[in-house]
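J.: Structure: coords.cif, mmCIF, C-alpha atoms, pLDDT in the B column; chains and numbers go by the auth columns.
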```cif
data_protein
loop_
_atom_site.group_PDB
_atom_site.id
_atom_site.type_symbol
_atom_site.label_atom_id
_atom_site.label_comp_id
_atom_site.label_asym_id
_atom_site.label_seq_id
_atom_site.Cartn_x
_atom_site.Cartn_y
_atom_site.Cartn_z
_atom_site.B_iso_or_equiv
_atom_site.auth_seq_id
_atom_site.auth_asym_id
ATOM 1 C CA MET A 1 211.803 130.483 50.962 69.00 1 A
ATOM 2 C CA ASP A 2 208.776 132.803 50.940 77.00 2 A
ATOM 3 C CA VAL A 3 206.063 132.190 53.497 82.00 3 A
ATOM 4 C CA VAL A 4 202.576 132.680 52.081 81.00 4 A
ATOM 5 C CA ARG A 5 200.082 134.144 54.533 89.00 5 A
ATOM 6 C CA GLN A 6 197.112 131.824 55.019 94.00 6 A
ATOM 7 C CA PHE A 7 193.487 132.922 55.307 95.00 7 A
ATOM 8 C CA THR A 8 190.306 131.097 56.261 95.00 8 A
ATOM 9 C CA ASN A 9 186.787 131.893 55.172 96.00 9 A
ATOM 10 C CA ARG A 10 183.715 130.263 56.663 95.00 10 A
ATOM 11 C CA CYS A 11 180.141 130.358 55.452 96.00 11 A
ATOM 12 C CA ALA A 12 177.035 130.143 57.616 96.00 12 A
ATOM 13 C CA CYS A 13 176.173 126.906 55.759 97.00 13 A
ATOM 14 C CA GLY A 14 179.252 125.191 57.209 97.00 14 A
ATOM 15 C CA TRP A 15 181.562 125.474 54.190 97.00 15 A
ATOM 16 C CA GLU A 16 185.125 126.439 55.073 97.00 16 A
ATOM 17 C CA PHE A 17 188.238 127.048 52.985 97.00 17 A
ATOM 18 C CA ARG A 18 191.839 127.821 53.939 97.00 18 A
ATOM 19 C CA GLY A 19 194.644 128.964 51.637 96.00 19 A
ATOM 20 C CA SER A 20 196.395 131.987 50.204 94.00 20 A
ATOM 21 C CA ALA A 21 194.348 135.140 49.692 94.00 21 A
ATOM 22 C CA ASP A 22 193.982 134.385 45.968 94.00 22 A
ATOM 23 C CA GLU A 23 192.897 130.784 46.641 96.00 23 A
ATOM 24 C CA VAL A 24 190.357 131.809 49.279 97.00 24 A
ATOM 25 C CA VAL A 25 188.936 134.565 47.081 96.00 25 A
ATOM 26 C CA ASP A 26 188.489 132.224 44.116 97.00 26 A
ATOM 27 C CA ALA A 27 186.970 129.444 46.242 98.00 27 A
ATOM 28 C CA THR A 28 184.618 131.847 48.034 97.00 28 A
ATOM 29 C CA ILE A 29 183.345 133.394 44.811 97.00 29 A
ATOM 30 C CA ASP A 30 182.807 129.920 43.333 98.00 30 A
ATOM 31 C CA HIS A 31 181.025 128.671 46.470 98.00 31 A
ATOM 32 C CA GLY A 32 178.720 131.694 46.552 97.00 32 A
ATOM 33 C CA LYS A 33 177.752 131.262 42.896 97.00 33 A
ATOM 34 C CA ARG A 34 177.260 127.482 42.952 97.00 34 A
ATOM 35 C CA ILE A 35 175.623 126.990 46.343 97.00 35 A
ATOM 36 C CA HIS A 36 173.893 130.263 47.202 97.00 36 A
ATOM 37 C CA ASN A 37 173.368 131.929 43.790 97.00 37 A
ATOM 38 C CA MET A 38 175.234 134.976 45.136 96.00 38 A
ATOM 39 C CA GLU A 39 177.772 137.212 43.417 96.00 39 A
ATOM 40 C CA ALA A 40 180.745 138.727 45.256 96.00 40 A
ATOM 41 C CA THR A 41 183.651 140.774 43.982 95.00 41 A
ATOM 42 C CA ARG A 42 187.301 140.089 44.749 94.00 42 A
ATOM 43 C CA GLU A 43 187.364 143.276 46.786 93.00 43 A
ATOM 44 C CA GLN A 44 184.383 142.191 48.911 95.00 44 A
ATOM 45 C CA VAL A 45 185.949 138.829 49.698 95.00 45 A
ATOM 46 C CA LEU A 46 189.366 140.345 50.445 93.00 46 A
ATOM 47 C CA GLU A 47 187.738 142.761 52.879 93.00 47 A
ATOM 48 C CA ALA A 48 185.746 139.949 54.509 93.00 48 A
ATOM 49 C CA ILE A 49 188.850 137.827 55.129 93.00 49 A
ATOM 50 C CA GLY A 50 190.895 140.787 56.349 92.00 50 A
ATOM 51 C CA ALA A 51 193.486 140.611 53.585 86.00 51 A
ATOM 52 C CA GLU A 52 195.875 143.499 53.106 79.00 52 A
ATOM 53 C CA PRO A 53 196.341 144.948 49.611 69.00 53 A
ATOM 54 C CA GLY A 54 199.661 143.120 49.139 75.00 54 A
ATOM 55 C CA ASP A 55 198.252 139.717 50.119 79.00 55 A
ATOM 56 C CA ALA A 56 196.616 138.975 46.766 76.00 56 A
ATOM 57 C CA THR A 57 197.511 139.643 43.168 69.00 57 A
ATOM 58 C CA GLY A 58 194.051 140.955 42.370 52.00 58 A
ATOM 59 C CA ALA A 59 194.096 143.256 45.396 45.00 59 A
ATOM 60 C CA ARG A 60 196.999 145.283 43.997 44.00 60 A
ATOM 61 C CA GLU A 61 195.175 145.667 40.685 47.00 61 A
ATOM 62 C CA ALA A 62 191.913 146.605 42.413 43.00 62 A
ATOM 63 C CA ALA A 63 193.624 149.248 44.538 42.00 63 A
ATOM 64 C CA GLY A 64 194.983 150.908 41.423 42.00 64 A
ATOM 65 C CA GLU A 65 191.576 150.812 39.746 44.00 65 A
ATOM 66 C CA ALA A 66 189.894 152.298 42.817 42.00 66 A
ATOM 67 C CA GLU A 67 192.417 155.143 42.978 44.00 67 A
ATOM 68 C CA ALA A 68 191.947 155.857 39.265 46.00 68 A
ATOM 69 C CA ALA A 69 188.149 155.897 39.637 46.00 69 A
ATOM 70 C CA ALA A 70 188.311 158.202 42.659 46.00 70 A
ATOM 71 C CA GLY A 71 190.808 160.600 41.042 46.00 71 A
#
```
For this file, produce the structure as structure tokens.

T.:
Amino acid sequence: MDVVRQFTNRCACGWEFRGSADEVVDATIDHGKRIHNMEATREQVLEAIGAEPGDATGAREAAGEAEAAAG
């Protein structure tokens, strides 16, 4: 059985969410849009929660896009 690494993100307003990297990223982006009228990218949220590139599906895709853009 695979163990999924859990992450927690907290907002200054008191909102908190815990789950897999993908779940936390999605919830954080949604919270920012709905409550604070703020936009964040997957990469920004992953960096904020300290996720490693292999912790989220979108992180692997983003890493490849970043390398392609830099190359």

J.: Identify which of the residues A:Ala40, A:Ala51, A:Val3, A:Cys11 lies closest to A:Asp26, counting all atoms listed in the file when measuring atom-to-atom distances.

T.: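 Smallest distance to A:Asp26 is found for A:Ala40.
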
J.: Figure out the distance between atom CA of A:Ala21 and atom CA of A:Asn9, please, to one decimal in Å.

T.: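 Atom CA of A:Asn9 sits 9.9 Å away from atom CA of A:Ala21.
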
J.: Go through A:Ile35, A:Arg42, A:Val25, A:Asp30 and flag the residue nearest A:Ala12, using only C-alpha atoms for the distances.

T.: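 Under the stated criterion, the closest residue is A:Ile35.
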
J.: Please indicate the distance in Å from atom CA of A:Asn37 to atom CA of A:Gln6, rounded to one decimal place.

T.: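 Distance reported for this atom pair: 26.3 Å.
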
J.: Which residue, A:His36, A:Ala48, A:Phe7, A:Gly54, has the smallest gap to A:Glu23 when you use only C-alpha atoms?

T.: A:Phe7

J.: Adding 4 Å on each side of the box along x, y and z that holds all listed atoms of stretch 11-19 of chain A, could you give its centre and edge lengths in Å to one decimal, as lines of an AutoDock Vina configuration file?

T.:
```
center_x = 185.4
center_y = 127.8
center_z = 54.6
size_x = 26.5
size_y = 13.2
size_z = 14.0
```

J.: Which one of A:Met38, A:Cys13, A:Val4, A:Val24 sits closest to A:Gly50 if you count all atoms listed in the file?

T.: A:Val24

J.: Which one is closest to A:Arg18: A:Lys33, A:Glu39, A:Ile49, A:Asp2? Count all atoms listed in the file.

T.: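 For A:Arg18, the nearest of the given residues is A:Ile49.
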
J.: Could you state the separation of atom CA of A:His31 and atom CA of A:Gly14 in Å, given to one decimal place?

T.: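 Atom-to-atom, atom CA of A:His31 and atom CA of A:Gly14 are spaced 11.4 Å apart.
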
J.: Restricting the calculation to only C-alpha atoms, which member of A:Trp15, A:Ser20, A:Arg10, A:Ile29 is positioned closest to A:Glu43?

T.: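 Comparing A:Trp15, A:Ser20, A:Arg10, A:Ile29 against A:Glu43, the winner is A:Ile29.
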